[in-house]
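Chemist: Handing you a structure now.
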Amino acid sequence: MSLALSFSEVGEGPTLVILPGLFGSKRNWTSMARALSETRRVITVDLRNHGESPWDALHDYPSMASDVAALLESLGVGPVAVLGHSMGGKAAMTLALTRPELVERLIVVDIAPVRSTANTRAVLQAMQDVPLESIRTRSEAKASMAEAVPSAGVRDFLALNLLSGPEGLTWGVNLAALDRNFESILSFPSFPDGARFEKPTLFVAGGRSPYVQPEHHAEIHRLFPSARIETIPGAGHWVHAEAPSEFLASVSSFLA
């Protein structure tokens, strides 16, 4: 059953839908959505078990794609441009392959349609290990993750998911569901040889990221025969945050 996703929108014109990655939310994409809204109506979505969207025990790509399809149908838009980062990129690819009539063009940010091998499970475990019952501030939470998550920038990003309430800090992301479904998150659905999305597609990879490698190109072109692959040198997995000017130029050129 599809969930009613939370979303925000800015701008006018042809619609662009943004699907954030694992542990990300529409809030993380505010500045980029605003920049892209100069020529587009930009709808930024919280995927299930993230941000302000509902929680559910199931967390896989068919269910995420179904949620987004239901949102587009409820808004009466489509076909639209869809941009997805990381987990959101796999959800966007699944949507394009299963409901191509809803997608006018596709942008996939630093992820390939294959099983991911990066050790994001350690990040999830670090979040679960934060002793929320004994700390009161986000700074304390970030300090508790320092050994498992050496990057201060990643710790800052993860801490955006902490909510402050009368009983202290809680996670605003469904860590239990993500843990149970982690193999599904790492994987990508299997599609037969006849399945393909032939409309314009752009893959934007970070030059320092391991998620899109030359050995993935054949599978990218099998499923997305019109795909163009661009690499932004020096950028890591969070391409849009690490190289915003180059990322915006690449996406804007493709959308134009």
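Letters for chains follow the order of the structure tokens (A, B, ...), residue numbers begin at 1 for each chain, and ligand numbers begin at 1 in the order shown.
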Quick one: residues within 10 Å of A:Ser25, only C-alpha atoms, excluding same-chain residues fewer than 2 positions away - as an mmCIF file with C-alpha atoms, in the first residue's frame?

Modeler:
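The result, written out as result-v2.cif:
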data_model
loop_
_atom_site.group_PDB
_atom_site.id
_atom_site.type_symbol
_atom_site.label_atom_id
_atom_site.label_comp_id
_atom_site.auth_asym_id
_atom_site.auth_seq_id
_atom_site.Cartn_x
_atom_site.Cartn_y
_atom_site.Cartn_z
ATOM 1 C CA SER A 6 5.373 14.788 2.630
ATOM 2 C CA PHE A 7 6.744 17.274 0.109
ATOM 3 C CA ILE A 18 13.709 15.568 -6.173
ATOM 4 C CA LEU A 19 14.126 12.323 -4.182
ATOM 5 C CA PRO A 20 16.800 12.558 -1.436
ATOM 6 C CA GLY A 21 19.110 9.746 -0.400
ATOM 7 C CA LEU A 22 19.420 7.571 2.692
ATOM 8 C CA PHE A 23 19.105 9.637 5.905
ATOM 9 C CA ARG A 27 15.180 20.034 4.015
ATOM 10 C CA ASN A 28 18.687 19.033 2.843
ATOM 11 C CA TRP A 29 17.781 20.077 -0.715
ATOM 12 C CA THR A 30 16.304 23.509 0.080
ATOM 13 C CA THR A 44 11.160 17.962 -3.054
ATOM 14 C CA VAL A 45 9.963 14.774 -1.360
ATOM 15 C CA ASP A 46 10.563 13.002 1.946
ATOM 16 C CA LEU A 47 10.689 9.302 1.098
ATOM 17 C CA HIS A 50 12.401 9.777 6.418
ATOM 18 C CA GLY A 51 11.661 13.393 7.320
ATOM 19 C CA GLU A 52 7.976 14.187 7.725
ATOM 20 C CA SER A 53 6.706 11.227 5.690
ATOM 21 C CA LEU A 160 19.897 16.842 11.068
ATOM 22 C CA ASN A 161 17.663 13.806 11.662
ATOM 23 C CA VAL A 173 14.156 8.592 10.684
#

Chemist: As a ChimeraX atom specification, please: every residue in stretch 47-230 of chain A that DSSP puts in strand (DSSP E or B).

Modeler: /A:80-85,103-109,162-165,168-171,201-206,227-230

Chemist: Please write the residues from the selection above to a file, keeping N, CA and C atoms, as a short mmCIF file (atom, residue, chain, number, x, y, z; two decimals), in the first residue's frame.

Modeler:
data_model
loop_
_atom_site.label_atom_id
_atom_site.label_comp_id
_atom_site.auth_asym_id
_atom_site.auth_seq_id
_atom_site.Cartn_x
_atom_site.Cartn_y
_atom_site.Cartn_z
N VAL A 80 7.01 14.03 -15.61
CA VAL A 80 7.84 15.05 -14.97
C VAL A 80 9.30 14.63 -15.06
N ALA A 81 10.19 15.59 -14.84
CA ALA A 81 11.60 15.27 -14.65
C ALA A 81 11.78 14.80 -13.21
N VAL A 82 12.55 13.74 -13.04
CA VAL A 82 12.80 13.20 -11.70
C VAL A 82 14.29 13.14 -11.45
N LEU A 83 14.71 13.68 -10.30
CA LEU A 83 16.11 13.66 -9.88
C LEU A 83 16.19 12.92 -8.56
N GLY A 84 17.05 11.91 -8.49
CA GLY A 84 17.21 11.16 -7.26
C GLY A 84 18.66 10.99 -6.89
N HIS A 85 18.98 11.16 -5.61
CA HIS A 85 20.35 10.99 -5.13
C HIS A 85 20.47 9.71 -4.33
N VAL A 103 7.41 9.68 -16.10
CA VAL A 103 8.74 10.30 -16.07
C VAL A 103 9.11 10.81 -17.47
N GLU A 104 9.37 12.10 -17.54
CA GLU A 104 9.73 12.72 -18.82
C GLU A 104 11.22 12.64 -19.09
N ARG A 105 12.01 12.78 -18.04
CA ARG A 105 13.46 12.60 -18.10
C ARG A 105 13.97 12.32 -16.70
N LEU A 106 15.17 11.74 -16.62
CA LEU A 106 15.66 11.19 -15.36
C LEU A 106 17.08 11.67 -15.08
N ILE A 107 17.32 12.06 -13.82
CA ILE A 107 18.66 12.44 -13.36
C ILE A 107 18.99 11.58 -12.15
N VAL A 108 20.07 10.83 -12.23
CA VAL A 108 20.49 9.93 -11.15
C VAL A 108 21.83 10.43 -10.61
N VAL A 109 21.87 10.71 -9.31
CA VAL A 109 23.05 11.33 -8.71
C VAL A 109 23.83 10.31 -7.89
N LEU A 162 17.94 14.44 14.01
CA LEU A 162 17.58 14.43 15.43
C LEU A 162 16.51 15.47 15.71
N LEU A 163 15.48 15.04 16.40
CA LEU A 163 14.38 15.92 16.77
C LEU A 163 14.42 16.16 18.28
N SER A 164 14.16 17.39 18.69
CA SER A 164 14.17 17.74 20.11
C SER A 164 12.73 17.87 20.61
N GLY A 165 12.42 17.13 21.67
CA GLY A 165 11.08 17.16 22.25
C GLY A 165 11.15 17.26 23.76
N GLY A 168 13.47 14.85 25.38
CA GLY A 168 14.84 14.79 24.88
C GLY A 168 14.90 14.58 23.38
N LEU A 169 16.03 14.06 22.91
CA LEU A 169 16.26 13.87 21.49
C LEU A 169 15.71 12.52 21.01
N THR A 170 15.15 12.52 19.82
CA THR A 170 14.71 11.29 19.16
C THR A 170 15.14 11.35 17.70
N TRP A 171 15.26 10.19 17.09
CA TRP A 171 15.58 10.16 15.66
C TRP A 171 14.31 10.35 14.84
N THR A 201 18.32 10.57 -20.05
CA THR A 201 18.77 10.21 -18.71
C THR A 201 20.18 10.72 -18.50
N LEU A 202 20.41 11.31 -17.32
CA LEU A 202 21.73 11.82 -16.95
C LEU A 202 22.16 11.18 -15.64
N PHE A 203 23.36 10.59 -15.63
CA PHE A 203 23.99 10.12 -14.40
C PHE A 203 25.09 11.11 -14.04
N VAL A 204 25.03 11.65 -12.82
CA VAL A 204 26.06 12.57 -12.34
C VAL A 204 26.80 11.88 -11.20
N ALA A 205 28.08 11.62 -11.41
CA ALA A 205 28.88 10.90 -10.42
C ALA A 205 29.93 11.81 -9.80
N GLY A 206 30.28 11.53 -8.56
CA GLY A 206 31.39 12.23 -7.91
C GLY A 206 32.70 11.54 -8.23
N ALA A 227 21.32 7.05 -21.72
CA ALA A 227 22.01 7.67 -20.59
C ALA A 227 23.31 8.35 -21.00
N ARG A 228 23.53 9.50 -20.40
CA ARG A 228 24.80 10.22 -20.46
C ARG A 228 25.40 10.19 -19.06
N ILE A 229 26.67 9.87 -18.95
CA ILE A 229 27.33 9.78 -17.64
C ILE A 229 28.34 10.90 -17.53
N GLU A 230 28.17 11.76 -16.52
CA GLU A 230 29.10 12.87 -16.28
C GLU A 230 29.71 12.71 -14.90
#

Chemist: Work out how far apart atom CA of A:Val42 and atom CA of A:Thr15 are and give it in Å to one decimal.

Modeler: 5.8 Å

Chemist: Just want the 12 Å neighbourhood of A:Glu167, counted on only C-alpha atoms, with same-chain residues fewer than 5 positions away dropped. Output as a list in words.

Modeler: Leu132, Glu133, Ser134, Ile135 and Arg136 of chain A

Chemist: Tell me, in Å to one decimal, how far atom CA of A:Val10 is from atom CA of A:Arg41.

Modeler: 5.8 Å

Chemist: What does the structure give for the distance between atom CA of A:Glu246 and atom CA of A:Ala33, in Å to one decimal?

Modeler: 14.9 Å

Chemist: Can you work out which one of A:Leu97, A:Leu178, A:Ala152, A:Ala143 has the shortest atom-to-atom distance to A:Pro225, counting only C-alpha atoms?

Modeler: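 Distance minimum relative to A:Pro225 lands on A:Leu97.
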
Chemist: So that I can see what lies close to A:Pro113, please list as a list of chain:residue names the residues with an atom at most 8 Å from it, counting only C-alpha atoms and leaving out residues fewer than 3 positions away in the same chain.

Modeler: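 Residues meeting the cut-off are A:Lys90, A:Met93, A:Phe188, A:His216, A:Glu219, A:Ile220.
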
Chemist: Residues near A:Ala122, anyone? I mean within 9 Å using only C-alpha atoms, not counting same-chain ones fewer than 3 positions away, as a list in words.

Modeler: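 Returned residues: Asn119, Gln125, Ala126, Met127, Ala148 and Val149 of chain A.
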
Chemist: Please produce an output containing C-alpha atoms for each residue in the selection, written as an mmCIF file, in the first residue's frame.

Modeler:
data_model
loop_
_atom_site.group_PDB
_atom_site.id
_atom_site.type_symbol
_atom_site.label_atom_id
_atom_site.label_comp_id
_atom_site.auth_asym_id
_atom_site.auth_seq_id
_atom_site.Cartn_x
_atom_site.Cartn_y
_atom_site.Cartn_z
ATOM 1 C CA ASN A 119 29.945 0.438 4.124
ATOM 2 C CA GLN A 125 24.874 1.251 13.473
ATOM 3 C CA ALA A 126 26.535 4.431 14.752
ATOM 4 C CA MET A 127 23.165 6.198 14.746
ATOM 5 C CA ALA A 148 32.494 5.173 13.697
ATOM 6 C CA VAL A 149 31.889 8.205 11.434
#

Chemist: Nearest to A:Gly194: which of A:Leu58, A:Leu223, A:Ala256, A:Ala218 is it, counting only C-alpha atoms?

Modeler: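 Answer, going by the shortest atom-to-atom distance: A:Leu223.
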
Chemist: Could you pull the residues within 12 Å of A:Ala35, counting only C-alpha atoms, minus those fewer than 2 positions along the same chain, as an mmCIF file with C-alpha atoms, in the first residue's frame?

Modeler:
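Result went into result.cif, see below:
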data_model
loop_
_atom_site.group_PDB
_atom_site.id
_atom_site.type_symbol
_atom_site.label_atom_id
_atom_site.label_comp_id
_atom_site.auth_asym_id
_atom_site.auth_seq_id
_atom_site.Cartn_x
_atom_site.Cartn_y
_atom_site.Cartn_z
ATOM 1 C CA VAL A 10 8.918 26.143 -4.995
ATOM 2 C CA GLY A 11 8.871 27.905 -8.362
ATOM 3 C CA TRP A 29 17.781 20.077 -0.715
ATOM 4 C CA THR A 30 16.304 23.509 0.080
ATOM 5 C CA SER A 31 19.063 25.644 -1.441
ATOM 6 C CA MET A 32 19.464 23.468 -4.543
ATOM 7 C CA ALA A 33 15.688 23.349 -5.065
ATOM 8 C CA SER A 37 13.260 26.780 -9.305
ATOM 9 C CA GLU A 38 14.339 29.715 -11.470
ATOM 10 C CA THR A 39 13.053 27.759 -14.474
ATOM 11 C CA ARG A 40 11.057 24.902 -12.879
ATOM 12 C CA ARG A 41 8.390 24.027 -10.382
ATOM 13 C CA VAL A 42 10.499 21.964 -7.970
ATOM 14 C CA HIS A 240 25.281 18.481 -4.922
ATOM 15 C CA PRO A 244 27.098 22.821 -6.002
ATOM 16 C CA SER A 245 28.072 25.130 -8.876
ATOM 17 C CA PHE A 247 26.303 20.145 -10.182
ATOM 18 C CA LEU A 248 23.808 22.925 -10.878
ATOM 19 C CA ALA A 249 25.435 23.659 -14.246
ATOM 20 C CA VAL A 251 21.635 19.506 -14.193
ATOM 21 C CA SER A 252 20.446 22.831 -15.601
#

Chemist: Hey, which of A:Ala65, A:Leu102, A:Val123, A:Ile111 ends up closest to A:Arg48? Count only C-alpha atoms.

Modeler: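 The closest residue to A:Arg48 is A:Ala65.
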
Chemist: Just the residues within 9 Å of stretch 179-183 of chain A, please, counting only C-alpha atoms, with nothing from its chain fewer than 2 positions along; format it as a list in words.

Modeler: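 Counting only C-alpha atoms, the residues come to Ala57, Leu58, His59, Asp60, Arg115, Arg121, Leu124, Gln125, Asn174, Leu175, Ala176, Ala177, Ile185, Leu186 and Ser187 of chain A.
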
Chemist: I need the residues in stretch 26-176 of chain A that are alpha helix (DSSP H) according to DSSP; give them as a PDB file with N, CA and C atoms, in the first residue's frame.

Modeler:
ATOM      1  N   THR A  30      16.980  22.212   0.182  1.00  0.00           N
ATOM      2  CA  THR A  30      16.304  23.509   0.080  1.00  0.00           C
ATOM      3  C   THR A  30      17.035  24.471  -0.842  1.00  0.00           C
ATOM      4  N   SER A  31      18.333  24.657  -0.641  1.00  0.00           N
ATOM      5  CA  SER A  31      19.063  25.644  -1.441  1.00  0.00           C
ATOM      6  C   SER A  31      19.168  25.222  -2.901  1.00  0.00           C
ATOM      7  N   MET A  32      19.378  23.931  -3.161  1.00  0.00           N
ATOM      8  CA  MET A  32      19.464  23.468  -4.543  1.00  0.00           C
ATOM      9  C   MET A  32      18.106  23.559  -5.228  1.00  0.00           C
ATOM     10  N   ALA A  33      17.032  23.231  -4.500  1.00  0.00           N
ATOM     11  CA  ALA A  33      15.688  23.349  -5.065  1.00  0.00           C
ATOM     12  C   ALA A  33      15.389  24.798  -5.422  1.00  0.00           C
ATOM     13  N   ARG A  34      15.811  25.708  -4.559  1.00  0.00           N
ATOM     14  CA  ARG A  34      15.577  27.127  -4.835  1.00  0.00           C
ATOM     15  C   ARG A  34      16.332  27.560  -6.087  1.00  0.00           C
ATOM     16  N   ALA A  35      17.559  27.099  -6.249  1.00  0.00           N
ATOM     17  CA  ALA A  35      18.343  27.456  -7.432  1.00  0.00           C
ATOM     18  C   ALA A  35      17.710  26.894  -8.702  1.00  0.00           C
ATOM     19  N   LEU A  36      17.231  25.667  -8.644  1.00  0.00           N
ATOM     20  CA  LEU A  36      16.622  25.037  -9.814  1.00  0.00           C
ATOM     21  C   LEU A  36      15.234  25.607 -10.113  1.00  0.00           C
ATOM     22  N   TYR A  61      12.698  -0.644  -2.958  1.00  0.00           N
ATOM     23  CA  TYR A  61      12.536   0.278  -4.086  1.00  0.00           C
ATOM     24  C   TYR A  61      11.176   0.200  -4.770  1.00  0.00           C
ATOM     25  N   PRO A  62      10.577  -0.973  -4.920  1.00  0.00           N
ATOM     26  CA  PRO A  62       9.211  -0.980  -5.461  1.00  0.00           C
ATOM     27  C   PRO A  62       8.228  -0.180  -4.603  1.00  0.00           C
ATOM     28  N   SER A  63       8.353  -0.280  -3.282  1.00  0.00           N
ATOM     29  CA  SER A  63       7.428   0.466  -2.422  1.00  0.00           C
ATOM     30  C   SER A  63       7.708   1.962  -2.489  1.00  0.00           C
ATOM     31  N   MET A  64       8.987   2.358  -2.534  1.00  0.00           N
ATOM     32  CA  MET A  64       9.302   3.782  -2.643  1.00  0.00           C
ATOM     33  C   MET A  64       8.819   4.347  -3.977  1.00  0.00           C
ATOM     34  N   ALA A  65       9.029   3.601  -5.059  1.00  0.00           N
ATOM     35  CA  ALA A  65       8.562   4.053  -6.371  1.00  0.00           C
ATOM     36  C   ALA A  65       7.048   4.160  -6.408  1.00  0.00           C
ATOM     37  N   SER A  66       6.366   3.223  -5.763  1.00  0.00           N
ATOM     38  CA  SER A  66       4.900   3.266  -5.703  1.00  0.00           C
ATOM     39  C   SER A  66       4.419   4.491  -4.951  1.00  0.00           C
ATOM     40  N   ASP A  67       5.113   4.841  -3.862  1.00  0.00           N
ATOM     41  CA  ASP A  67       4.756   6.053  -3.110  1.00  0.00           C
ATOM     42  C   ASP A  67       4.861   7.294  -3.990  1.00  0.00           C
ATOM     43  N   VAL A  68       5.965   7.392  -4.726  1.00  0.00           N
ATOM     44  CA  VAL A  68       6.185   8.576  -5.564  1.00  0.00           C
ATOM     45  C   VAL A  68       5.168   8.621  -6.699  1.00  0.00           C
ATOM     46  N   ALA A  69       4.872   7.468  -7.292  1.00  0.00           N
ATOM     47  CA  ALA A  69       3.859   7.423  -8.350  1.00  0.00           C
ATOM     48  C   ALA A  69       2.507   7.908  -7.826  1.00  0.00           C
ATOM     49  N   ALA A  70       2.156   7.464  -6.620  1.00  0.00           N
ATOM     50  CA  ALA A  70       0.876   7.888  -6.030  1.00  0.00           C
ATOM     51  C   ALA A  70       0.872   9.395  -5.781  1.00  0.00           C
ATOM     52  N   LEU A  71       2.000   9.947  -5.362  1.00  0.00           N
ATOM     53  CA  LEU A  71       2.091  11.394  -5.150  1.00  0.00           C
ATOM     54  C   LEU A  71       1.894  12.138  -6.462  1.00  0.00           C
ATOM     55  N   LEU A  72       2.568  11.715  -7.512  1.00  0.00           N
ATOM     56  CA  LEU A  72       2.434  12.390  -8.802  1.00  0.00           C
ATOM     57  C   LEU A  72       1.001  12.318  -9.318  1.00  0.00           C
ATOM     58  N   GLU A  73       0.369  11.168  -9.135  1.00  0.00           N
ATOM     59  CA  GLU A  73      -1.019  11.023  -9.583  1.00  0.00           C
ATOM     60  C   GLU A  73      -1.948  11.899  -8.757  1.00  0.00           C
ATOM     61  N   SER A  74      -1.683  12.017  -7.461  1.00  0.00           N
ATOM     62  CA  SER A  74      -2.539  12.853  -6.616  1.00  0.00           C
ATOM     63  C   SER A  74      -2.393  14.335  -6.958  1.00  0.00           C
ATOM     64  N   LEU A  75      -1.189  14.725  -7.425  1.00  0.00           N
ATOM     65  CA  LEU A  75      -0.950  16.117  -7.805  1.00  0.00           C
ATOM     66  C   LEU A  75      -1.404  16.406  -9.227  1.00  0.00           C
ATOM     67  N   MET A  87      20.054   6.508  -2.544  1.00  0.00           N
ATOM     68  CA  MET A  87      18.841   5.694  -2.400  1.00  0.00           C
ATOM     69  C   MET A  87      17.692   6.289  -3.204  1.00  0.00           C
ATOM     70  N   GLY A  88      17.570   7.616  -3.183  1.00  0.00           N
ATOM     71  CA  GLY A  88      16.540   8.271  -3.977  1.00  0.00           C
ATOM     72  C   GLY A  88      16.752   8.080  -5.467  1.00  0.00           C
ATOM     73  N   GLY A  89      18.028   7.942  -5.878  1.00  0.00           N
ATOM     74  CA  GLY A  89      18.312   7.657  -7.278  1.00  0.00           C
ATOM     75  C   GLY A  89      17.849   6.271  -7.680  1.00  0.00           C
ATOM     76  N   LYS A  90      18.017   5.292  -6.790  1.00  0.00           N
ATOM     77  CA  LYS A  90      17.517   3.954  -7.087  1.00  0.00           C
ATOM     78  C   LYS A  90      15.990   3.937  -7.114  1.00  0.00           C
ATOM     79  N   ALA A  91      15.356   4.704  -6.229  1.00  0.00           N
ATOM     80  CA  ALA A  91      13.897   4.809  -6.266  1.00  0.00           C
ATOM     81  C   ALA A  91      13.446   5.466  -7.567  1.00  0.00           C
ATOM     82  N   ALA A  92      14.186   6.499  -8.009  1.00  0.00           N
ATOM     83  CA  ALA A  92      13.843   7.195  -9.254  1.00  0.00           C
ATOM     84  C   ALA A  92      14.008   6.262 -10.454  1.00  0.00           C
ATOM     85  N   MET A  93      15.081   5.467 -10.476  1.00  0.00           N
ATOM     86  CA  MET A  93      15.281   4.516 -11.571  1.00  0.00           C
ATOM     87  C   MET A  93      14.169   3.469 -11.594  1.00  0.00           C
ATOM     88  N   THR A  94      13.782   2.991 -10.412  1.00  0.00           N
ATOM     89  CA  THR A  94      12.707   2.002 -10.336  1.00  0.00           C
ATOM     90  C   THR A  94      11.395   2.591 -10.841  1.00  0.00           C
ATOM     91  N   LEU A  95      11.122   3.838 -10.471  1.00  0.00           N
ATOM     92  CA  LEU A  95       9.922   4.522 -10.962  1.00  0.00           C
ATOM     93  C   LEU A  95       9.958   4.626 -12.484  1.00  0.00           C
ATOM     94  N   ALA A  96      11.098   5.034 -13.039  1.00  0.00           N
ATOM     95  CA  ALA A  96      11.206   5.208 -14.494  1.00  0.00           C
ATOM     96  C   ALA A  96      11.032   3.887 -15.235  1.00  0.00           C
ATOM     97  N   LEU A  97      11.531   2.804 -14.667  1.00  0.00           N
ATOM     98  CA  LEU A  97      11.452   1.508 -15.324  1.00  0.00           C
ATOM     99  C   LEU A  97      10.081   0.851 -15.181  1.00  0.00           C
ATOM    100  N   THR A  98       9.361   1.172 -14.115  1.00  0.00           N
ATOM    101  CA  THR A  98       8.054   0.545 -13.882  1.00  0.00           C
ATOM    102  C   THR A  98       6.886   1.433 -14.281  1.00  0.00           C
ATOM    103  N   ARG A 121      26.392   0.571   6.329  1.00  0.00           N
ATOM    104  CA  ARG A 121      25.821  -0.123   7.492  1.00  0.00           C
ATOM    105  C   ARG A 121      26.466   0.368   8.787  1.00  0.00           C
ATOM    106  N   ALA A 122      27.753   0.718   8.723  1.00  0.00           N
ATOM    107  CA  ALA A 122      28.438   1.234   9.904  1.00  0.00           C
ATOM    108  C   ALA A 122      27.838   2.564  10.352  1.00  0.00           C
ATOM    109  N   VAL A 123      27.404   3.367   9.383  1.00  0.00           N
ATOM    110  CA  VAL A 123      26.766   4.646   9.712  1.00  0.00           C
ATOM    111  C   VAL A 123      25.437   4.402  10.428  1.00  0.00           C
ATOM    112  N   LEU A 124      24.642   3.488   9.901  1.00  0.00           N
ATOM    113  CA  LEU A 124      23.370   3.151  10.533  1.00  0.00           C
ATOM    114  C   LEU A 124      23.596   2.646  11.957  1.00  0.00           C
ATOM    115  N   GLN A 125      24.591   1.782  12.141  1.00  0.00           N
ATOM    116  CA  GLN A 125      24.874   1.251  13.473  1.00  0.00           C
ATOM    117  C   GLN A 125      25.309   2.365  14.425  1.00  0.00           C
ATOM    118  N   ALA A 126      26.099   3.308  13.921  1.00  0.00           N
ATOM    119  CA  ALA A 126      26.535   4.431  14.752  1.00  0.00           C
ATOM    120  C   ALA A 126      25.352   5.256  15.231  1.00  0.00           C
ATOM    121  N   MET A 127      24.369   5.453  14.354  1.00  0.00           N
ATOM    122  CA  MET A 127      23.165   6.198  14.746  1.00  0.00           C
ATOM    123  C   MET A 127      22.378   5.425  15.802  1.00  0.00           C
ATOM    124  N   GLN A 128      22.262   4.121  15.618  1.00  0.00           N
ATOM    125  CA  GLN A 128      21.539   3.306  16.585  1.00  0.00           C
ATOM    126  C   GLN A 128      22.239   3.270  17.940  1.00  0.00           C
ATOM    127  N   ASP A 129      23.549   3.420  17.934  1.00  0.00           N
ATOM    128  CA  ASP A 129      24.319   3.334  19.172  1.00  0.00           C
ATOM    129  C   ASP A 129      24.352   4.639  19.962  1.00  0.00           C
ATOM    130  N   ARG A 138      22.653  17.917  20.259  1.00  0.00           N
ATOM    131  CA  ARG A 138      23.140  17.331  19.008  1.00  0.00           C
ATOM    132  C   ARG A 138      24.661  17.216  19.012  1.00  0.00           C
ATOM    133  N   SER A 139      25.323  18.149  19.675  1.00  0.00           N
ATOM    134  CA  SER A 139      26.779  18.076  19.753  1.00  0.00           C
ATOM    135  C   SER A 139      27.229  16.803  20.457  1.00  0.00           C
ATOM    136  N   GLU A 140      26.540  16.433  21.519  1.00  0.00           N
ATOM    137  CA  GLU A 140      26.863  15.188  22.220  1.00  0.00           C
ATOM    138  C   GLU A 140      26.599  13.980  21.322  1.00  0.00           C
ATOM    139  N   ALA A 141      25.509  14.035  20.561  1.00  0.00           N
ATOM    140  CA  ALA A 141      25.196  12.931  19.650  1.00  0.00           C
ATOM    141  C   ALA A 141      26.269  12.797  18.589  1.00  0.00           C
ATOM    142  N   LYS A 142      26.718  13.918  18.040  1.00  0.00           N
ATOM    143  CA  LYS A 142      27.763  13.864  17.014  1.00  0.00           C
ATOM    144  C   LYS A 142      29.071  13.348  17.607  1.00  0.00           C
ATOM    145  N   ALA A 143      29.364  13.735  18.836  1.00  0.00           N
ATOM    146  CA  ALA A 143      30.586  13.252  19.480  1.00  0.00           C
ATOM    147  C   ALA A 143      30.552  11.746  19.673  1.00  0.00           C
ATOM    148  N   SER A 144      29.378  11.220  19.988  1.00  0.00           N
ATOM    149  CA  SER A 144      29.269   9.776  20.216  1.00  0.00           C
ATOM    150  C   SER A 144      29.443   8.975  18.924  1.00  0.00           C
ATOM    151  N   ALA A 152      33.372  14.873   9.888  1.00  0.00           N
ATOM    152  CA  ALA A 152      32.522  15.820  10.620  1.00  0.00           C
ATOM    153  C   ALA A 152      31.330  16.242   9.772  1.00  0.00           C
ATOM    154  N   GLY A 153      31.546  16.363   8.459  1.00  0.00           N
ATOM    155  CA  GLY A 153      30.448  16.757   7.581  1.00  0.00           C
ATOM    156  C   GLY A 153      29.342  15.721   7.550  1.00  0.00           C
ATOM    157  N   VAL A 154      29.713  14.435   7.520  1.00  0.00           N
ATOM    158  CA  VAL A 154      28.706  13.376   7.538  1.00  0.00           C
ATOM    159  C   VAL A 154      27.982  13.353   8.880  1.00  0.00           C
ATOM    160  N   ARG A 155      28.720  13.557   9.979  1.00  0.00           N
ATOM    161  CA  ARG A 155      28.069  13.598  11.297  1.00  0.00           C
ATOM    162  C   ARG A 155      27.082  14.755  11.370  1.00  0.00           C
ATOM    163  N   ASP A 156      27.446  15.900  10.829  1.00  0.00           N
ATOM    164  CA  ASP A 156      26.520  17.043  10.802  1.00  0.00           C
ATOM    165  C   ASP A 156      25.257  16.692  10.019  1.00  0.00           C
ATOM    166  N   PHE A 157      25.451  16.027   8.879  1.00  0.00           N
ATOM    167  CA  PHE A 157      24.326  15.618   8.038  1.00  0.00           C
ATOM    168  C   PHE A 157      23.407  14.652   8.792  1.00  0.00           C
ATOM    169  N   LEU A 158      23.981  13.660   9.454  1.00  0.00           N
ATOM    170  CA  LEU A 158      23.178  12.681  10.185  1.00  0.00           C
ATOM    171  C   LEU A 158      22.423  13.343  11.328  1.00  0.00           C
ATOM    172  N   ALA A 159      23.067  14.291  12.000  1.00  0.00           N
ATOM    173  CA  ALA A 159      22.445  14.944  13.156  1.00  0.00           C
ATOM    174  C   ALA A 159      21.231  15.780  12.775  1.00  0.00           C
ATOM    175  N   LEU A 175      14.999   4.140  12.040  1.00  0.00           N
ATOM    176  CA  LEU A 175      16.216   3.331  12.018  1.00  0.00           C
ATOM    177  C   LEU A 175      15.911   1.841  12.069  1.00  0.00           C
ATOM    178  N   ALA A 176      14.884   1.453  12.812  1.00  0.00           N
ATOM    179  CA  ALA A 176      14.556   0.021  12.925  1.00  0.00           C
ATOM    180  C   ALA A 176      14.153  -0.551  11.566  1.00  0.00           C
TER     181      ALA A 176
END
